[in-house]
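Structure data (PDB, C-alpha atoms and all ligand atoms) from coords16.pdb:
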```pdb
ATOM      1  CA  MET A   1      85.148  -0.833 117.632
ATOM      2  CA  LYS A   2      87.273   0.020 114.579
ATOM      3  CA  LYS A   3      87.240  -2.606 111.827
ATOM      4  CA  LEU A   4      90.363  -3.551 109.880
ATOM      5  CA  ILE A   5      89.685  -3.420 106.134
ATOM      6  CA  ILE A   6      92.369  -4.731 103.816
ATOM      7  CA  ALA A   7      92.276  -4.128 100.061
ATOM      8  CA  ASN A   8      93.939  -6.981  98.181
ATOM      9  CA  TRP A   9      94.572  -5.624  94.692
ATOM     10  CA  LYS A  10      96.192  -8.896  93.592
ATOM     11  CA  MET A  11      97.765  -8.451  90.109
ATOM     12  CA  GLN A  12      94.649  -6.751  88.754
ATOM     13  CA  LEU A  13      96.054  -3.254  88.185
ATOM     14  CA  GLY A  14      99.110  -2.069  86.312
ATOM     15  CA  TYR A  15     101.691   0.234  87.877
ATOM     16  CA  ARG A  16     100.066   3.507  86.830
ATOM     17  CA  ALA A  17      96.552   2.380  87.704
ATOM     18  CA  SER A  18      97.756   1.322  91.180
ATOM     19  CA  LEU A  19      99.243   4.761  91.805
ATOM     20  CA  ASP A  20      96.138   6.522  90.493
ATOM     21  CA  LEU A  21      93.847   4.444  92.703
ATOM     22  CA  ALA A  22      96.073   4.982  95.755
ATOM     23  CA  ARG A  23      95.984   8.759  95.148
ATOM     24  CA  LEU A  24      92.210   8.687  94.772
ATOM     25  CA  TYR A  25      91.791   6.659  97.973
ATOM     26  CA  THR A  26      93.979   9.000 100.014
ATOM     27  CA  LYS A  27      91.565  11.792  99.082
ATOM     28  CA  GLN A  28      88.308   9.879  99.311
ATOM     29  CA  LEU A  29      88.872   7.518 102.253
ATOM     30  CA  ALA A  30      90.827   9.774 104.608
ATOM     31  CA  GLY A  31      89.018  10.467 107.820
ATOM     32  CA  LEU A  32      86.953   7.262 107.883
ATOM     33  CA  LYS A  33      87.050   5.747 111.341
ATOM     34  CA  ASN A  34      88.078   2.224 110.305
ATOM     35  CA  GLU A  35      91.681   1.089 109.769
ATOM     36  CA  ILE A  36      92.195   0.831 105.999
ATOM     37  CA  VAL A  37      95.123  -1.008 104.414
ATOM     38  CA  LEU A  38      96.050  -1.026 100.718
ATOM     39  CA  CYS A  39      97.996  -4.007  99.341
ATOM     40  CA  PRO A  40      99.280  -3.180  95.836
ATOM     41  CA  ASP A  41     101.616  -5.470  93.901
ATOM     42  CA  TYR A  42     105.335  -5.441  94.726
ATOM     43  CA  LEU A  43     106.295  -3.186  91.844
ATOM     44  CA  SER A  44     103.935  -0.445  93.002
ATOM     45  CA  LEU A  45     104.734  -0.699  96.716
ATOM     46  CA  PRO A  46     107.490   1.978  96.942
ATOM     47  CA  ALA A  47     105.469   4.575  95.031
ATOM     48  CA  VAL A  48     102.236   3.734  96.859
ATOM     49  CA  SER A  49     104.148   3.965 100.149
ATOM     50  CA  ALA A  50     105.122   7.556  99.267
ATOM     51  CA  ILE A  51     101.534   8.391  98.267
ATOM     52  CA  LEU A  52     100.086   7.042 101.527
ATOM     53  CA  LYS A  53     102.466   8.978 103.809
ATOM     54  CA  LYS A  54     100.481  11.081 106.293
ATOM     55  CA  SER A  55      97.202   9.988 104.665
ATOM     56  CA  GLY A  56      96.045   7.792 107.551
ATOM     57  CA  LEU A  57      95.810   4.816 105.169
ATOM     58  CA  LEU A  58      98.200   1.941 105.833
ATOM     59  CA  LEU A  59     100.364  -0.128 103.520
ATOM     60  CA  GLY A  60     100.279  -3.914 103.156
ATOM     61  CA  ALA A  61     102.059  -6.488 100.981
ATOM     62  CA  GLN A  62     100.504  -9.499  99.275
ATOM     63  CA  ASP A  63     103.307 -11.881 100.264
ATOM     64  CA  SER A  64     106.837 -11.935 101.682
ATOM     65  CA  ALA A  65     109.792 -14.319 101.716
ATOM     66  CA  ALA A  66     110.400 -17.006 104.327
ATOM     67  CA  SER A  67     113.850 -15.539 105.113
ATOM     68  CA  ALA A  68     115.132 -12.050 105.802
ATOM     69  CA  ARG A  69     118.129 -12.325 103.465
ATOM     70  CA  GLY A  70     119.837 -14.866 101.246
ATOM     71  CA  ALA A  71     120.163 -16.456  97.813
ATOM     72  CA  TYR A  72     116.437 -16.619  96.997
ATOM     73  CA  THR A  73     116.001 -15.439  93.424
ATOM     74  CA  GLY A  74     112.825 -13.473  92.872
ATOM     75  CA  GLU A  75     111.881 -13.222  96.544
ATOM     76  CA  VAL A  76     111.254 -10.045  98.560
ATOM     77  CA  SER A  77     112.537  -9.785 102.116
ATOM     78  CA  PRO A  78     110.109  -8.982 104.935
ATOM     79  CA  ALA A  79     112.848  -6.744 106.401
ATOM     80  CA  ASP A  80     112.823  -4.630 103.232
ATOM     81  CA  LEU A  81     109.025  -4.437 103.278
ATOM     82  CA  LYS A  82     109.174  -3.215 106.856
ATOM     83  CA  ALA A  83     111.756  -0.569 105.929
ATOM     84  CA  LEU A  84     109.444   0.606 103.141
ATOM     85  CA  GLY A  85     106.627   1.296 105.601
ATOM     86  CA  VAL A  86     104.637  -1.904 105.148
ATOM     87  CA  LYS A  87     102.640  -2.865 108.241
ATOM     88  CA  TYR A  88     100.600  -5.908 107.203
ATOM     89  CA  VAL A  89     101.486  -8.844 104.968
ATOM     90  CA  ILE A  90      98.957 -11.294 103.520
ATOM     91  CA  LEU A  91     100.294 -14.859 103.832
ATOM     92  CA  GLY A  92      98.855 -18.173 102.715
ATOM     93  CA  HIS A  93      96.271 -16.741 100.339
ATOM     94  CA  SER A  94      94.410 -19.569  98.600
ATOM     95  CA  GLU A  95      95.561 -18.331  95.182
ATOM     96  CA  ARG A  96      99.197 -18.788  96.233
ATOM     97  CA  ARG A  97      98.420 -22.146  97.795
ATOM     98  CA  GLU A  98      96.777 -23.263  94.552
ATOM     99  CA  HIS A  99      98.805 -21.670  91.751
ATOM    100  CA  LEU A 100     102.215 -21.466  93.441
ATOM    101  CA  HIS A 101     101.871 -24.654  95.494
ATOM    102  CA  GLU A 102     102.588 -22.965  98.794
ATOM    103  CA  ASN A 103     102.257 -25.537 101.515
ATOM    104  CA  SER A 104     101.816 -25.232 105.261
ATOM    105  CA  ALA A 105     105.551 -25.503 105.965
ATOM    106  CA  ILE A 106     106.325 -22.564 103.666
ATOM    107  CA  ILE A 107     103.480 -20.506 105.099
ATOM    108  CA  ASN A 108     104.634 -21.279 108.633
ATOM    109  CA  ALA A 109     108.181 -20.140 107.790
ATOM    110  CA  LYS A 110     106.855 -16.980 106.133
ATOM    111  CA  ILE A 111     104.801 -16.108 109.212
ATOM    112  CA  LYS A 112     107.849 -16.488 111.459
ATOM    113  CA  ALA A 113     110.052 -14.394 109.139
ATOM    114  CA  ALA A 114     107.387 -11.678 108.879
ATOM    115  CA  LEU A 115     107.002 -11.493 112.669
ATOM    116  CA  ALA A 116     110.774 -11.368 113.121
ATOM    117  CA  ALA A 117     110.880  -8.398 110.735
ATOM    118  CA  GLY A 118     108.168  -6.583 112.694
ATOM    119  CA  LEU A 119     105.366  -7.077 110.148
ATOM    120  CA  THR A 120     101.857  -8.181 111.079
ATOM    121  CA  PRO A 121     100.971 -11.357 109.159
ATOM    122  CA  VAL A 122      97.425 -11.742 107.854
ATOM    123  CA  LEU A 123      97.165 -15.503 107.659
ATOM    124  CA  CYS A 124      94.506 -16.688 105.196
ATOM    125  CA  VAL A 125      92.673 -19.937 105.821
ATOM    126  CA  GLY A 126      89.607 -21.360 104.114
ATOM    127  CA  GLU A 127      88.060 -24.602 103.009
ATOM    128  CA  LYS A 128      87.374 -25.568  99.404
ATOM    129  CA  ILE A 129      83.958 -26.584  98.140
ATOM    130  CA  ALA A 130      84.741 -30.314  98.604
ATOM    131  CA  GLU A 131      85.333 -29.938 102.354
ATOM    132  CA  ARG A 132      82.323 -27.720 102.642
ATOM    133  CA  GLU A 133      80.020 -30.232 100.962
ATOM    134  CA  SER A 134      81.370 -33.201 102.902
ATOM    135  CA  GLY A 135      80.885 -31.417 106.230
ATOM    136  CA  GLU A 136      84.654 -31.405 106.840
ATOM    137  CA  ALA A 137      85.210 -27.655 106.843
ATOM    138  CA  ARG A 138      85.941 -27.290 110.566
ATOM    139  CA  PRO A 139      88.506 -30.095 110.883
ATOM    140  CA  TYR A 140      90.126 -28.837 107.671
ATOM    141  CA  LEU A 141      90.425 -25.298 109.069
ATOM    142  CA  ALA A 142      91.718 -26.612 112.396
ATOM    143  CA  GLU A 143      94.495 -28.464 110.522
ATOM    144  CA  GLU A 144      95.369 -25.430 108.400
ATOM    145  CA  LEU A 145      95.716 -23.365 111.570
ATOM    146  CA  ARG A 146      97.685 -26.029 113.431
ATOM    147  CA  HIS A 147     100.274 -26.324 110.641
ATOM    148  CA  ALA A 148     100.522 -22.614 109.825
ATOM    149  CA  LEU A 149     100.861 -21.555 113.464
ATOM    150  CA  LYS A 150     103.181 -24.339 114.630
ATOM    151  CA  GLY A 151     105.779 -22.805 116.944
ATOM    152  CA  VAL A 152     104.548 -19.270 116.236
ATOM    153  CA  LYS A 153     104.849 -16.968 119.241
ATOM    154  CA  ILE A 154     103.332 -13.516 119.481
ATOM    155  CA  LYS A 155     103.667 -10.947 122.249
ATOM    156  CA  ARG A 156     100.339  -9.188 121.738
ATOM    157  CA  ALA A 157      97.070 -10.389 120.240
ATOM    158  CA  SER A 158      97.378  -7.620 117.627
ATOM    159  CA  ASP A 159     100.673  -9.053 116.285
ATOM    160  CA  LEU A 160      98.848 -11.477 113.971
ATOM    161  CA  VAL A 161      95.543 -11.408 112.098
ATOM    162  CA  ILE A 162      93.635 -14.320 110.612
ATOM    163  CA  ALA A 163      91.420 -13.984 107.551
ATOM    164  CA  TYR A 164      88.794 -16.631 106.908
ATOM    165  CA  GLU A 165      88.296 -16.871 103.154
ATOM    166  CA  PRO A 166      86.238 -19.872 102.062
ATOM    167  CA  VAL A 167      87.806 -20.616  98.676
ATOM    168  CA  TRP A 168      84.382 -21.208  97.072
ATOM    169  CA  ALA A 169      83.288 -17.697  98.093
ATOM    170  CA  ILE A 170      86.162 -15.752  96.467
ATOM    171  CA  SER A 171      84.599 -13.681  93.708
ATOM    172  CA  THR A 172      86.998 -14.725  90.935
ATOM    173  CA  ASN A 173      86.184 -18.419  91.364
ATOM    174  CA  LYS A 174      83.613 -19.969  89.081
ATOM    175  CA  ASP A 175      80.135 -20.006  90.666
ATOM    176  CA  ALA A 176      81.397 -18.057  93.693
ATOM    177  CA  LYS A 177      78.757 -17.097  96.186
ATOM    178  CA  PRO A 178      79.105 -15.235  99.452
ATOM    179  CA  ILE A 179      78.528 -17.000 102.730
ATOM    180  CA  ASP A 180      75.759 -15.531 104.887
ATOM    181  CA  ALA A 181      76.762 -13.356 107.824
ATOM    182  CA  ILE A 182      75.589 -15.782 110.518
ATOM    183  CA  SER A 183      77.542 -18.731 109.082
ATOM    184  CA  ALA A 184      80.606 -16.517 108.627
ATOM    185  CA  SER A 185      80.314 -15.425 112.240
ATOM    186  CA  ASP A 186      80.072 -19.067 113.423
ATOM    187  CA  MET A 187      83.129 -20.081 111.440
ATOM    188  CA  LEU A 188      85.108 -17.062 112.598
ATOM    189  CA  GLY A 189      84.245 -17.813 116.219
ATOM    190  CA  PHE A 190      85.537 -21.355 115.688
ATOM    191  CA  ILE A 191      88.733 -20.117 114.001
ATOM    192  CA  GLN A 192      89.370 -17.505 116.658
ATOM    193  CA  SER A 193      89.092 -19.985 119.505
ATOM    194  CA  LYS A 194      91.334 -22.558 117.744
ATOM    195  CA  ALA A 195      93.924 -19.865 117.019
ATOM    196  CA  ALA A 196      93.708 -18.568 120.593
ATOM    197  CA  ASN A 197      94.566 -22.059 121.879
ATOM    198  CA  LEU A 198      97.586 -22.267 119.589
ATOM    199  CA  LEU A 199      98.860 -18.729 120.128
ATOM    200  CA  GLU A 200      97.799 -18.225 123.739
ATOM    201  CA  LYS A 201      96.413 -14.878 122.536
ATOM    202  CA  LYS A 202      93.101 -14.121 120.849
ATOM    203  CA  PRO A 203      93.890 -12.679 117.398
ATOM    204  CA  ARG A 204      91.622 -10.472 115.355
ATOM    205  CA  VAL A 205      89.710 -12.411 112.697
ATOM    206  CA  LEU A 206      88.555 -11.023 109.352
ATOM    207  CA  TYR A 207      86.163 -12.318 106.748
ATOM    208  CA  GLY A 208      86.997 -12.382 103.024
ATOM    209  CA  GLY A 209      85.233 -13.720  99.931
ATOM    210  CA  SER A 210      82.742 -11.737  97.836
ATOM    211  CA  VAL A 211      82.410  -8.858 100.276
ATOM    212  CA  PHE A 212      80.420  -6.220  98.429
ATOM    213  CA  PRO A 213      78.516  -3.043  99.337
ATOM    214  CA  GLY A 214      75.298  -5.078  99.551
ATOM    215  CA  ASN A 215      76.490  -7.479 102.258
ATOM    216  CA  ALA A 216      79.226  -5.593 104.152
ATOM    217  CA  ALA A 217      76.841  -4.119 106.735
ATOM    218  CA  ASP A 218      75.440  -7.579 107.622
ATOM    219  CA  PHE A 219      78.950  -8.920 108.193
ATOM    220  CA  SER A 220      79.995  -5.803 110.129
ATOM    221  CA  ALA A 221      77.077  -6.253 112.518
ATOM    222  CA  GLN A 222      78.595  -9.544 113.733
ATOM    223  CA  PRO A 223      80.829  -8.695 116.708
ATOM    224  CA  VAL A 224      83.368 -11.468 116.043
ATOM    225  CA  ILE A 225      84.072 -10.162 112.520
ATOM    226  CA  GLY A 226      86.941  -7.731 113.058
ATOM    227  CA  GLY A 227      87.001  -6.554 109.449
ATOM    228  CA  PHE A 228      87.398  -7.679 105.863
ATOM    229  CA  LEU A 229      89.899  -8.818 103.286
ATOM    230  CA  VAL A 230      88.465  -7.440 100.053
ATOM    231  CA  GLY A 231      89.504  -8.339  96.511
ATOM    232  CA  GLY A 232      87.256  -7.307  93.613
ATOM    233  CA  ALA A 233      85.308  -4.609  95.447
ATOM    234  CA  SER A 234      88.505  -2.904  96.601
ATOM    235  CA  LEU A 235      89.240  -1.847  93.021
ATOM    236  CA  LYS A 236      86.237   0.489  92.736
ATOM    237  CA  LEU A 237      86.069   3.650  94.778
ATOM    238  CA  THR A 238      82.272   3.672  95.142
ATOM    239  CA  ASP A 239      82.139   0.040  96.328
ATOM    240  CA  PHE A 240      85.173   0.197  98.566
ATOM    241  CA  LYS A 241      84.071   3.443 100.189
ATOM    242  CA  ILE A 242      80.767   1.879 101.243
ATOM    243  CA  ILE A 243      82.579  -1.186 102.660
ATOM    244  CA  CYS A 244      84.996   1.066 104.573
ATOM    245  CA  SER A 245      82.304   3.347 105.979
TER     246      SER A 245
HETATM  247  P1  LIG A 301      87.035 -11.143  96.566
HETATM  248  O1  LIG A 301      88.519 -11.622  96.909
HETATM  249  O2  LIG A 301      86.672 -10.059  97.542
HETATM  250  O3  LIG A 301      87.135 -10.654  95.155
HETATM  251  O4  LIG A 301      86.152 -12.328  96.710
HETATM  252  C1  LIG A 301      88.956 -11.774  98.233
HETATM  253  C2  LIG A 301      90.368 -12.300  98.244
HETATM  254  O5  LIG A 301      90.712 -13.141  97.392
HETATM  255  O6  LIG A 301      91.178 -11.905  99.103
END
```
Please express what this file holds, its structure, as structure tokens.
Amino acid sequence: MKKLIIANWKMQLGYRASLDLARLYTKQLAGLKNEIVLCPDYLSLPAVSAILKKSGLLLGAQDSAASARGAYTGEVSPADLKALGVKYVILGHSERREHLHENSAIINAKIKAALAAGLTPVLCVGEKIAERESGEARPYLAEELRHALKGVKIKRASDLVIAYEPVWAISTNKDAKPIDAISASDMLGFIQSKAANLLEKKPRVLYGGSVFPGNAADFSAQPVIGGFLVGGASLKLTDFKIICS
């Protein structure tokens, strides 16, 4: 089955570098059987959208507003992202939860606004090292899902994606280390069944956090892992191509 592989470029590249990398990827990644999504920063989205046209690669955004329109200085409407050709939107990433203090209520509203605009939310959940070490990871994840998905209705299972990103495994965090494929598979099975209860549909679940060429095949071999959300390794053609293959 096709995997969904989402490149989260964060704010790591400037405008020109984003366009150059998008152009390179349209040449080098076209024709791979997996579904590949590039998420550049907002500023680069219109130009990257034009570059990706007819390439087979899809466009994603790293965030979107909790409303379609209104007096929200600095925000970007999910309706405008949709009009630009965006298909997926990452919501609730741990970096936004931590640095921008996004809470469950905001994330819940963003999911609803994204769905209303016809985007596919990629909801990120993941425990921090404290919950991991105290054995509280599962109840913590169950609560994150319950709050984020409160009142969320989807028509098809494919309308929403969940990415499990243990915060301690994200490569930019100090002492980050990847989770092993079996543990990731266990956690994703747990997340998928909790989400299925809440949504009454079984969404696709992705793994994210230090996915690199050396471990991608082990994760891919786990049937529950429907793909990856990739940060650092999505910035290098050689690494990302291996992960996407
Ligand atoms: P990483 O980032 O692949 O660099 O660990 C993943 C993410 O933050 O989405």
- Identify all residues satisfying the PyMOL selection byres (((chain A and resi 21) around 12) and not hetatm) in the given file; provide them as a PyMOL selection string. chain A and resi 7+9+12-20+22-29+38-40+44+47-48+51-52+234-238+240
With 7 Å as the cut-off and all atoms listed in the file counted, what is the closest atom pair between each nearby residue of chain A and ligand LIG 301 (chain A)? Distances in Å to one decimal, ordered by chain and number, as CSV.
```
residue,atom,partner,partner_atom,distance
A:Asn8,CA,A:LIG301,O6,5.7
A:Ala169,CA,A:LIG301,O4,6.2
A:Ile170,CA,A:LIG301,O4,3.4
A:Ser171,CA,A:LIG301,O4,3.6
A:Thr172,CA,A:LIG301,O3,5.9
A:Gly208,CA,A:LIG301,C1,5.2
A:Gly209,CA,A:LIG301,O4,3.6
A:Ser210,CA,A:LIG301,O4,3.6
A:Val211,CA,A:LIG301,O2,5.2
A:Leu229,CA,A:LIG301,O6,5.4
A:Val230,CA,A:LIG301,O2,4.0
A:Gly231,CA,A:LIG301,O1,3.5
A:Gly232,CA,A:LIG301,O3,3.7
A:Ala233,CA,A:LIG301,O2,6.0
```
Serialized selection, C-alpha atoms, as an mmCIF file, in the frame of the given file:
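Output contents, as saved in result.cif:
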```cif
data_model
loop_
_atom_site.group_PDB
_atom_site.id
_atom_site.type_symbol
_atom_site.label_atom_id
_atom_site.label_comp_id
_atom_site.auth_asym_id
_atom_site.auth_seq_id
_atom_site.Cartn_x
_atom_site.Cartn_y
_atom_site.Cartn_z
ATOM 1 C CA ASN A 8 93.939 -6.981 98.181
ATOM 2 C CA ALA A 169 83.288 -17.697 98.093
ATOM 3 C CA ILE A 170 86.162 -15.752 96.467
ATOM 4 C CA SER A 171 84.599 -13.681 93.708
ATOM 5 C CA THR A 172 86.998 -14.725 90.935
ATOM 6 C CA GLY A 208 86.997 -12.382 103.024
ATOM 7 C CA GLY A 209 85.233 -13.720 99.931
ATOM 8 C CA SER A 210 82.742 -11.737 97.836
ATOM 9 C CA VAL A 211 82.410 -8.858 100.276
ATOM 10 C CA LEU A 229 89.899 -8.818 103.286
ATOM 11 C CA VAL A 230 88.465 -7.440 100.053
ATOM 12 C CA GLY A 231 89.504 -8.339 96.511
ATOM 13 C CA GLY A 232 87.256 -7.307 93.613
ATOM 14 C CA ALA A 233 85.308 -4.609 95.447
#
```
Do you know which residues are at most 12 Å from Asp218 in chain A counting all atoms listed in the file, after dropping those on the same chain fewer than 3 positions away, and could you put them as a PDB file with C-alpha atoms, in the coordinates of the input?
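Once everything was written out, this is part_6.pdb:
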```
ATOM      1  CA  PRO A 178      79.105 -15.235  99.452  1.00  0.00           C
ATOM      2  CA  ILE A 179      78.528 -17.000 102.730  1.00  0.00           C
ATOM      3  CA  ASP A 180      75.759 -15.531 104.887  1.00  0.00           C
ATOM      4  CA  ALA A 181      76.762 -13.356 107.824  1.00  0.00           C
ATOM      5  CA  ILE A 182      75.589 -15.782 110.518  1.00  0.00           C
ATOM      6  CA  SER A 183      77.542 -18.731 109.082  1.00  0.00           C
ATOM      7  CA  ALA A 184      80.606 -16.517 108.627  1.00  0.00           C
ATOM      8  CA  SER A 185      80.314 -15.425 112.240  1.00  0.00           C
ATOM      9  CA  TYR A 207      86.163 -12.318 106.748  1.00  0.00           C
ATOM     10  CA  VAL A 211      82.410  -8.858 100.276  1.00  0.00           C
ATOM     11  CA  PHE A 212      80.420  -6.220  98.429  1.00  0.00           C
ATOM     12  CA  PRO A 213      78.516  -3.043  99.337  1.00  0.00           C
ATOM     13  CA  GLY A 214      75.298  -5.078  99.551  1.00  0.00           C
ATOM     14  CA  ASN A 215      76.490  -7.479 102.258  1.00  0.00           C
ATOM     15  CA  ALA A 221      77.077  -6.253 112.518  1.00  0.00           C
ATOM     16  CA  GLN A 222      78.595  -9.544 113.733  1.00  0.00           C
ATOM     17  CA  PRO A 223      80.829  -8.695 116.708  1.00  0.00           C
ATOM     18  CA  ILE A 225      84.072 -10.162 112.520  1.00  0.00           C
ATOM     19  CA  GLY A 227      87.001  -6.554 109.449  1.00  0.00           C
ATOM     20  CA  ILE A 243      82.579  -1.186 102.660  1.00  0.00           C
TER      21      ILE A 243
END
```
Residues of range 34-119 of chain A at most 12 Å from range 155-158 of chain A: nearest atom pair and distance in Å, only C-alpha atoms, as a tab-separated table:
```
residue	atom	partner	partner_atom	distance
A:Lys87	CA	A:Ser158	CA	11.8
A:Tyr88	CA	A:Ser158	CA	11.0
A:Leu115	CA	A:Lys155	CA	10.2
A:Ala116	CA	A:Lys155	CA	11.6
A:Gly118	CA	A:Lys155	CA	11.4
A:Leu119	CA	A:Ser158	CA	11.0
```
- Task: List every protein, DNA or RNA residue that has an atom no more than 6 Å from (106.2, -17.4, 106.6) in the file's coordinate frame, counting all atoms listed in the file, and report them as JSON, numbers by chain.
- Result: {"A": [66, 106, 107, 108, 109, 110, 111, 112, 113]}
- Task: Name every residue that the PyMOL selection byres (((chain A and resi 127) around 8) and not hetatm) selects in this structure, writing the answer as an MDAnalysis selection string with chains first and numbers rising.
- Result: chainID A and resid 125:126 128:132 137 140:141 165:168
- Query: Contacts of Leu145 in chain A at 9 Å or less, counting only C-alpha atoms, minus same-chain residues fewer than 6 places along, as a VMD selection string?
  - Reply: chain A and resid 104 123 125 191 194 to 195 198
Could the residues in this selection be written to a file with C-alpha atoms, as a PDB file, in the frame of the given file?
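Listing of selection.pdb after writing:
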```
ATOM      1  CA  SER A 104     101.816 -25.232 105.261  1.00  0.00           C
ATOM      2  CA  LEU A 123      97.165 -15.503 107.659  1.00  0.00           C
ATOM      3  CA  VAL A 125      92.673 -19.937 105.821  1.00  0.00           C
ATOM      4  CA  ILE A 191      88.733 -20.117 114.001  1.00  0.00           C
ATOM      5  CA  LYS A 194      91.334 -22.558 117.744  1.00  0.00           C
ATOM      6  CA  ALA A 195      93.924 -19.865 117.019  1.00  0.00           C
ATOM      7  CA  LEU A 198      97.586 -22.267 119.589  1.00  0.00           C
TER       8      LEU A 198
END
```
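Note that the spacing between CA of Ala196 in chain A and CA of Glu136 in chain A amounts to 20.9 Å.
Across the model, the gap from CA of Glu144 in chain A to CA of Asp80 in chain A is 27.6 Å.
Here CA of Asp63 in chain A and CA of Asp159 in chain A stand 16.5 Å from one another.
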- Item | Selection result of the PyMOL selection byres (((chain A and resi 33) around 12) and not hetatm) on this file, as a list of chain:residue names | A:Met1, A:Lys2, A:Lys3, A:Leu4, A:Ile5, A:Leu29, A:Ala30, A:Gly31, A:Leu32, A:Asn34, A:Glu35, A:Ile36, A:Gly56, A:Leu57, A:Lys241, A:Ile243, A:Cys244, A:Ser245
Selection from above, C-alpha atoms, as a CSV table (one decimal), in the frame of the given file, can you write it?
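Ended up saving to part_39.csv:
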```csv
chain,number,residue,atom,x,y,z
A,1,MET,CA,85.1,-0.8,117.6
A,2,LYS,CA,87.3,0.0,114.6
A,3,LYS,CA,87.2,-2.6,111.8
A,4,LEU,CA,90.4,-3.6,109.9
A,5,ILE,CA,89.7,-3.4,106.1
A,29,LEU,CA,88.9,7.5,102.3
A,30,ALA,CA,90.8,9.8,104.6
A,31,GLY,CA,89.0,10.5,107.8
A,32,LEU,CA,87.0,7.3,107.9
A,34,ASN,CA,88.1,2.2,110.3
A,35,GLU,CA,91.7,1.1,109.8
A,36,ILE,CA,92.2,0.8,106.0
A,56,GLY,CA,96.0,7.8,107.6
A,57,LEU,CA,95.8,4.8,105.2
A,241,LYS,CA,84.1,3.4,100.2
A,243,ILE,CA,82.6,-1.2,102.7
A,244,CYS,CA,85.0,1.1,104.6
A,245,SER,CA,82.3,3.3,106.0
```
- With all atoms listed in the file as the atoms that count, which of A:Leu91, A:Val224, A:Ala79, A:Leu45 lies nearest to Asn103 in chain A? A:Leu91
- Task: Name the closest residue to Tyr164 in chain A among the candidates A:Val76, A:Leu206, A:Ala148, A:Leu199; distances are taken between atoms, counting all atoms listed in the file.
- Result: A:Leu206
The centre and edge lengths of an axis-aligned box containing all atoms of range 33-41 of chain A present in the file, extended by 8 Å on each side, are to be given in Å to one decimal, as lines of an AutoDock Vina configuration file.
```
center_x = 94.3
center_y = 0.1
center_z = 102.6
size_x = 30.6
size_y = 27.2
size_z = 33.4
```
- Spatial sel., origin (101.7, -1.4, 108.6), limit 9 Å, all atoms listed in the file, listed as a count of residues only: 12
- Message: Just checking: using only C-alpha atoms, which residue out of A:Ala142, A:Glu133, A:Ser220, A:Gly226 ends up closest to Ile242 in chain A?
- Response: A:Ser220
